[in-house]
Structure formats: structure tokens, C-alpha cells
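Colleague: Shown below is the structure under consideration.
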Amino acid sequence: MIKAIDPIKKLTTFLLIGLFLLQGISLQALTLQVSNDPFKEARNFIHHDNKEEALKALQELANSAEQEDNMQLLLDTYHQFSLLYLELEDLETTLFYWDRAGVLLKTTEYPYGDAVHKYINAVLLYRSDNNFQAMRELNEVKRLTNDKNLLNRILLAEADIYLKLDKFEDAKTNYNALLVNSDNLERSFLATKANLGLARLHKKLEDLESAQKHGEAAMEIALKNQYFREIDRASRFLAKTYEELGDYASALKFNKKILNLRDSIYNLNRLEAQNKKANQIKFDQFAKTLEDLEGKNEELSASANRSEITAILTSAFLTIISILAVSLYRNNQIKLKTNDLLQTKNSELEIARDAAVTAMEAKMNFLSTVTHELRTPLYAVTGLTHLLLEENPAEHQKEHLKSLKFSGDYLLNFINDILQINKIDAEKLEPLNIDFKLTKVINDVIDSLQQNAKDSKTSLVVNIDKNIPPTLLGDPLKLSQIFMNLVGNALKFTKNGTVTVTAKLKEHTADQVTIYFAVSDTGIGISEEQQKNIFDSFEQGSIQINREYGGTGLGLTIVKSLLGLFDSKINLNSAVGEGSTFFFDLNFKVKETYEEELTFEPSVDDYNFEGLHVLVVEDNKINQVITKKMLNKKGITCDIANNGNEAIDAAKANEYAVILMDIHMPGISGTEATKQIRKFNTQIPIIALTAISMEDSLDEFFEAGCNAVVTKPFKPEVFYTKIGENVFGSQTTSNS
């Protein structure tokens with residue numbers, strides 16, 4: 001006897017099939033088996049351009065993670081989905097899985113998951129040309145993980161960013177490191193990527209032979225491992241490179257390889273299969289919801305009239321079909337309107353961005369010009385003041401001259417502060433990563449401010465944790481600027497009190513330390529209302545404070561901006577009448593081995609300048625007089641050259657101990673004159689005297705052949721010390 005088919009189940013099955021067909025989804029492979037190591041399998045499938053099998057492996061893992069309620073495993077799976085669609089250049093689906101992982105991270109403590117999440121965000125930023133933001137994100141990732149595979153991925157991403165920014169040496173270093181990587185998961189794949197990167201790098205440098213060599217190396221590894229996508233990329237690169245080298249036979253060979261690879265039926269079928277699989281996975285959750293609905297319907301059928309339920313389900317089916325049709329139509333209309341709106345907004349944003357960039361460039365050019373024009377007469381003011389103070393003026397004159405000197409120094413510091421803020425705003429400053437001794441950096445700052453402390457009758461106290469490693473890797477110059485501003489600020493607002501500088505070890509891992517820094521004072525303190533704006537530019541709390549204590553109000557702004565370069569933040573605790581404490585944390589890499597250094601820093605008095613004969617190249621008459629008098633004070637004679645041409649002729653005709661070269665002159669500039677002199681005299685020390693910021697042109701001066709740079713207006717002791725270092729230092733070297 002034939003068993004009657006249950007109409008409830010029949011209708012429910014029809015409902016399920018209808019909804020899947022409406023979305024263009026097949027019902028195949030709804031149940032998946034979990035492999036022992038699906039991430040490893042998925043990576044292999046991705047590398048071999050088998051996206052369909054990669055999607056299957058990842059979906060198996062997602063189902064398993066949901067059944068076991070394993071949030072970390074589910075997070076990793078979502079990230080792998082995101083990376084897969086990133087490789088496929090499907091941005092919408094990449095962001096879909098990235099967002100789902102982000103939701104889980106809000107309720108799951110998982111450092112490795114945080115690291116991968118930030119890594120994907122960094123790659124997205126890089127692909128949208130936000131290179132510096134991408135580098136900051138990658139630096140944050142390195143702080144979160146020691147995973148070898150992820151760190152190698154970061155190396156590759158950094159290399160690609162360096163290449164885009166034309167930082168060829170940095171890019172080459174990273175790519176070469178990946179050529180010999182020991183990654184257990186993706187050794188060959190990363191080596192292929194690195195060779196392709198080096199090939200593009202050498203092509204940018206117009207070294208076609210090296211580019212061809214690395215392209216062939218990438219092709220060899222890709223063919224050996226069947227990395228079809230990389231074979232295609234290497235083929236396209238080599239075809240174009242051989243064409244530029246004039247080897248048309250080889251170019252034709254690789255063009256044919258591209259055509260064969262792209263036109264194969266096998267690849268077209270795989271593309272169709274992976275698209276079907278991607279759609280099936282997208283709507284897998286919807287299928288599960290329908291299965292739950294079917295179970296509830298079966299429970300309902302046991303206690304309700306079958307014909308009545310059939311009518312209800314039929315009505316529900318028709319209703320759902322109608323809702324879906326309307327929903328699809330409305331979504332399509334909304335999508336079209338949204339795209340139009342986005343295009344309009346993008347155009348407006350591009351116009352606004354271009355206007356902002358133009359305004360920033362105009363601001364930078366204006367400040368550069370104004371700085372030069374201010375520094376030149378300021379050199380005359382400070383230089384003449386110094387000379388007059390050296391000539392034993394009357395007591396009533398000495399007081400006026402000291403006031404004039406103070407005003408000149410104040411104006412110079414103000415100019416430097418504005419330029420510092422401008423560089424940070426323009427993202428021209430990048431942290432260094434060099435060896436330094438923290439104790440020396442802090443003590444040097446304290447020593448330079450001892451006179452300020454003496455004037456305000458305030459004692460300076462330094463507390464440095466003995467557990468802090470003696471040698472760190474970081475940026476000592478910017479750290480000195482931070483402490484110079486904080487300690488100088490504390491001394492300005494503290495009379496007959498104490499200023500304390502504290503450095504305390506907060507955390508110490510194998511290769512990194514976190515140090516807590518604080519600068520405390522017993523000064524006037526800051527009210528809660530004033531603390532809200534204290535870090536804004538030109539902000540000192542109130543007009544009364546500005547009038548009583550002076551200053552520009554830029555010191556704390558500079559501190560906040562400099563700490564931002566290290567992903568740190570300045571904090572403040574203060575109460576009126578009780579003093580203030582500014583504190584922050586900084587991370588440093590630890591240098592494993594270090595050598596004790598015995599340094600000797602000579603002072604001006606250690607040099608005997610008597611009898612030296614130098615060449616002064618300067619077009620400004622007042623500056624000529626000042627420089628000549630400052631040299632004569634030390635027993636140094638000089639010749640004057642009014643421009644670059646005269647300097648070249650004088651250097652050919654005479655022997656000088658050193659050449660003091662102004663940079664900005666009519667006709668031949670100082671850098672061009674230096675290049676010409678270096679053609680016939682490579683030994684004579686040349687010191688550049690410039691009225692522009694050192695950081696803007698330092699490399700240019702040294703590349704031209706300068707031995708040192710002094711920024712005008714300069715302090716006399718700096719001026720004399722630079723001459724002594726280059727004249728007597730070079731003599732010592734040559735004698736040895």
C-alpha cells in the first residue's frame with residue numbers, strides 16, 4: 001500500500017525550494033564535514049586559486065564553531081572569509097565578514113583576533129591610498145601579536161606601502177627578508193609575493209634586468225606550487241618587461257601563457273562554481289531559519305486541523321513571495337538612489353580634499369617664506385646684541401642689551417614652535433627608531449634648564465627606575481622635546497617649589513618595555529575649567545596668566561602632537577594652588593646587548609682658533625659684518641665672498657681652514673656652489689649657514705657636500721663649536 005504524502009511537509013518543502021530558487025541558490029551541499037585543519041586546507045585552496053573548495057572548508061569550520069559555541073574559532077573563520085574575499089577584490093563581502101568579526105570582538109577577549117582585525121583594516125586603508133594610516137595600524141598589530149605568519153604578512157604589507165611611497169630601500173629590506181622566510185604556513189607563497197614585489201621595485205628604478213630576474217623567480221615558484229593567480233600576475237609582468245627589453249619572442253611566450261590561463265574552460269567553470277558557492281553561503285543562515293520554521297509547523301500540525309494549516313501555509317507562502325518581490329524592487333531602487341548620492345558626495349569630498357591640500361601647501365609655503373624673512377634680520381639682532389655684550393658695555397646699557405637678547409631668543413623660540421606644529425599637522429614628522437640611553441636624555445634636559453630653575457628658586461628632582469633597561473630603541477630627539485616643554489612649563493609656573501621628573505617601568509616583555517613618565521610641580525595649578533582647553537594651540541588658561549607669565553601657549557600642544565606620533569596620550573591631574581602632574585606611557589623596543597660608551601664632548605674653550613683663516617660666503621652686508629666680528633673675537637681671519645661664483649673662485653685660489661656657506665643667495669645658491677667646490681676639493685670642511693628649518697633641507701645640504709649645518713640665528717657657542725668640530729676633528733682624522 002502506497003503511503004500518502006503528508007500535505008504539511010509537502011507544502012513546507014515546496015516553500016523551502018521556492019525561496020531558494022527565488023534567490024538563485026542551489027540546494028546542494030547543505031551539510032558539510034569539518035576537516036581536521038580547515039584553515040590550512042583553506043589557505044592551500046586560496047593559493048591554488050580554488051575558491052570553491054576554500055569556501056567549503058571555511059563554511060564547515062563556521063558551522064562547527066557555532067555548534068560548539070566557540071567564539072574565538074568563529075572569529076578566526078570570519079576573518080579568513082574576509083581575507084578570502086579581499087583576495088577576490090570583493091570589497092562588499094570583505095566588509096560584511098569583517099563587520100561580523102568586529103561585533104564578536106566587542107564581547108570576546110581575544111588579542112590575536114584583535115590583531116588580525118586591525119591587519120585587515122590596514123590592508124583596506126592601503127588599498128584606499130591611506131598609506132600613513134595603514135602604517136600606524138600595522139604598527140599597532142605588531143604590538144598585539146607574535147604570530148610568525150601574521151608578522152610575515154605585515155612585512156609584505158609594509159613593503160607594498162613603502163613601494164607605493166617610493167621608499168625603495170625600506171621596501172627592499174622587507175621583500176628580501178621574505179625571500180628567506182621560515183614561515184611554516186606560507187613560505188613559498190610569501191617568497192613568490194616578495195619576488196613580484198622586488199620585480200616591481202626594480203622596474204620603478206628602471207633596472208629592467210633585475211626586474212626580469214625577480215619576475216622569473218616568482219614565475220618559477222608559482223609554477224612549481226600551482227599558484228594560478230600569481231602565475232597570471234608574473235606572466236603579465238614578464239610579458240611587458242621583455243617587450244621593454246626588446247626580447248619580443250619571450251614577450252610573446254608570456255602573452256600566450258596569459259591567454260591560455262584566462263581562456264581555459266576549466267577556469268571559467270571554477271569561477272561559476274565558486275560564485276554559486278559564495279551565494280549559497282551568504283544565504284545559509286536564511287536556510288537555517290526556514291528549517292526552524294518547518295519544525296514549528298510540524299509541531300503545530302499535530303494538534304491543529306490539517307486543511308486549515310494548509311490554507312494558512314499557502315497564504316503565508318504567497319505573502320512571503322509578494323513581500324520578497326516588493327522588497328527586492330524597493331532595495332534595488334534604494335541602491336540606485338544611494339549610489340547616485342554617494343557619487344555626488346564623493347565628488348564633493350574630492351573637491352574639498354583638493355582644496356584642503358592646496359590650502360595646506362599654501363600655508364606651508366607661506367610659513368617657510370615668512371620664517372626665512374624673519375630669521376635673516378633676527379640674526380642681525382641677536383648677533384649684534386651678543387657682540388655688544390662682549391664689548392664690556394656700561395651697566396645701564398647692559399640691562400637694555402640683555403632685554404634685547406631675551407626678546408630675540410623669545411621670538412626665535414616662537415618661530416620654532418610654530419614650525420614644529422606645522423610639520424606635525426602636515427605629517428612631515430615620523431618617529432625615529434635608534435639606540436639611546438633614557439637616563440642621558442632626561443639628565444641633558446635637566447642640565448639645560450638648571451638656570452631657569454635657579455631663577456625661579458625651584459629645585460629639580462629626577463626619579464628614574466633602576467629596572468628600566470639602560471639602552472632602548474626609539475626617538476630620543478622627540479622625547480627630549482617633550483620633556484623640554486613639560487619641565488620648562490612646570491618651572492615657569494612654579495616659584496620657590498619643586499619640579500619632579502619620574503620614569504617608572506610599567507611592563508617588561510621579552511623585547512619591549514612600557515614606561516610611565518610624569519612631570520610634577522608644586523606651582524599654581526590648573527582649574528577644571530581651564531583643563532578642558534589647556535592642550536589647544538595658543539591656550540594658557542586665561543589672559544591674566546598669559547600677561548603674568550608670558551609664553552606662546554604652544555608647548556603643551558606640541559607635547560600632545562608629538563605623543564600622538566607614538567600612539568600615546570598626555571594626561572593631567574591638577575588642582576588650583578596644589579600644583580600639576582602631566583603623565584603618559586610610552587612603549588620602547590629593548591636592545592638586547594649594549595656597550596658602555598665613554599663620550600667626550602669638547603666645549604668652545606677646548607679649541608684654539610687663533611690663526612685660522614676661513615671663507616665667509618654671505619650676500620647680506622649686515623650679516624657679513626656680524627659674522628666677521630664674531631670670528632675676529634676668537635682670533636680668526638676671513639675673506640668675504642658675496643655670492644656663489646665668488647666663493648668658487650676664492651676656494652680655487654686660496655687655502656682655507658673652513659668655508660661658511662650661506663644657502664640662499666642670488667645667482668648660484670650655496671648648495672650648487674658647494675657641489676662645484678667638491679669637484680676640485682673634497683677635503684675642506686664646509687658648514688652650511690641657513691635661515692630655513694634644518695629638518696626641511698638637511699639631506700639636501702649633506703648630499704651637496706656640506707659637513708655640518710647651522711641654522712640662523714645661531715647661538716655663538718653653537719657656531720664656534722661647529723667650526724671647532726669640523727676643523728680640528730677633520731685634522732685629527734687625517735693625521736691618523
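Every chain in the C-alpha cells takes a letter, A first, then B, and so on in the order presented; its residues are numbered from 1, and the ligands are numbered from 1 following the presented order.
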Could you make a table, as a Markdown table, of the residues of range 188-258 of chain A that have an atom within 8 Å of an atom of range 49-73 of chain A, each with its nearest atom pair and distance in Å to one decimal, counting only C-alpha atoms, in chain and number order?
Modeller:
| residue | atom | partner | partner_atom | distance |
| --- | --- | --- | --- | --- |
| A:Tyr227 | CA | A:Asp49 | CA | 6.7 |
| A:Phe228 | CA | A:Asp49 | CA | 5.9 |
| A:Arg229 | CA | A:Asp49 | CA | 6.3 |
Colleague: Deliver the residues from the most recent selection as a file, using N, CA, C and O atoms, as a CSV table (one decimal), in the first residue's frame.
Modeller:
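The result, written out as selection18.csv:
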chain,number,residue,atom,x,y,z
A,227,TYR,N,50.4,28.2,-8.2
A,227,TYR,CA,49.7,29.4,-7.7
A,227,TYR,C,49.2,30.1,-9.0
A,227,TYR,O,49.9,31.0,-9.5
A,228,PHE,N,47.9,29.8,-9.4
A,228,PHE,CA,47.5,30.2,-10.7
A,228,PHE,C,47.4,31.8,-10.8
A,228,PHE,O,47.7,32.4,-11.8
A,229,ARG,N,46.9,32.4,-9.7
A,229,ARG,CA,46.7,33.8,-9.7
A,229,ARG,C,48.1,34.5,-9.9
A,229,ARG,O,48.3,35.5,-10.6
Colleague: Would you pick out the contacts of Pro469 in chain A at 8 Å or less, using only C-alpha atoms, so that residues sharing its chain but fewer than 3 positions from it are not included, and give the list as an NGL selection string?
Modeller: :A and (466 or 472 or 590)
Colleague: What is the CA of Gly724 in chain A to CA of Ile659 in chain A distance in Å?
Modeller: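 Rounded to one decimal, the two atoms are 12.5 Å apart.
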Colleague: Using only C-alpha atoms, which protein or nucleic acid residues come within 12 Å of Lys454 in chain A? Drop anything in the same chain fewer than 3 positions from it, and give the result as a list in words.
Modeller: Ile446, Asp447, Ser448, Leu449, Gln450, Gln451, Lys457, Thr458, Ser459, Leu460, Leu491, Lys492, Thr494, Lys495, Asn496, Gly497, Thr498 and Val499 of chain A
Colleague: Restricting the calculation to only C-alpha atoms, which member of A:Asp567, A:Glu610, A:Asp435, A:Asp699 is positioned closest to Gln133 in chain A?
Modeller: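 The answer is A:Asp567, which sits nearest to Gln133 in chain A.
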Colleague: I'd like the contact shell of Val519 in chain A - 8 Å cut-off, only C-alpha atoms, skipping same-chain residues fewer than 3 positions apart - returned as a ChimeraX atom specification.
Modeller: /A:486-487,490,499-502,581-583
Colleague: What would the file look like if the residues just selected were written as an mmCIF file, in the first residue's frame with N, CA, C and O atoms?
Modeller:
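Output file out.cif follows:
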data_model
loop_
_atom_site.group_PDB
_atom_site.id
_atom_site.type_symbol
_atom_site.label_atom_id
_atom_site.label_comp_id
_atom_site.auth_asym_id
_atom_site.auth_seq_id
_atom_site.Cartn_x
_atom_site.Cartn_y
_atom_site.Cartn_z
ATOM 1 N N LEU A 486 57.553 70.147 28.851
ATOM 2 C CA LEU A 486 56.849 69.883 30.103
ATOM 3 C C LEU A 486 57.603 70.454 31.309
ATOM 4 O O LEU A 486 57.007 71.103 32.175
ATOM 5 N N VAL A 487 58.923 70.211 31.371
ATOM 6 C CA VAL A 487 59.709 70.707 32.502
ATOM 7 C C VAL A 487 59.821 72.227 32.447
ATOM 8 O O VAL A 487 59.697 72.912 33.474
ATOM 9 N N ALA A 490 56.617 73.615 33.681
ATOM 10 C CA ALA A 490 56.487 73.476 35.133
ATOM 11 C C ALA A 490 57.315 74.532 35.861
ATOM 12 O O ALA A 490 56.863 75.126 36.852
ATOM 13 N N VAL A 499 60.069 70.725 41.141
ATOM 14 C CA VAL A 499 59.611 70.068 39.914
ATOM 15 C C VAL A 499 60.255 68.683 39.876
ATOM 16 O O VAL A 499 61.482 68.563 39.974
ATOM 17 N N THR A 500 59.431 67.646 39.746
ATOM 18 C CA THR A 500 59.921 66.263 39.793
ATOM 19 C C THR A 500 59.649 65.560 38.467
ATOM 20 O O THR A 500 58.523 65.588 37.956
ATOM 21 N N VAL A 501 60.698 64.922 37.931
ATOM 22 C CA VAL A 501 60.574 64.128 36.705
ATOM 23 C C VAL A 501 60.693 62.654 37.090
ATOM 24 O O VAL A 501 61.676 62.248 37.716
ATOM 25 N N THR A 502 59.688 61.857 36.720
ATOM 26 C CA THR A 502 59.641 60.443 37.106
ATOM 27 C C THR A 502 59.592 59.558 35.863
ATOM 28 O O THR A 502 58.867 59.852 34.913
ATOM 29 N N THR A 581 50.385 67.588 37.633
ATOM 30 C CA THR A 581 51.150 66.415 37.195
ATOM 31 C C THR A 581 50.700 66.040 35.788
ATOM 32 O O THR A 581 49.519 65.747 35.559
ATOM 33 N N PHE A 582 51.631 66.078 34.859
ATOM 34 C CA PHE A 582 51.384 65.626 33.490
ATOM 35 C C PHE A 582 52.025 64.246 33.356
ATOM 36 O O PHE A 582 53.209 64.079 33.675
ATOM 37 N N PHE A 583 51.272 63.255 32.873
ATOM 38 C CA PHE A 583 51.818 61.906 32.799
ATOM 39 C C PHE A 583 51.349 61.200 31.531
ATOM 40 O O PHE A 583 50.309 61.528 30.953
#
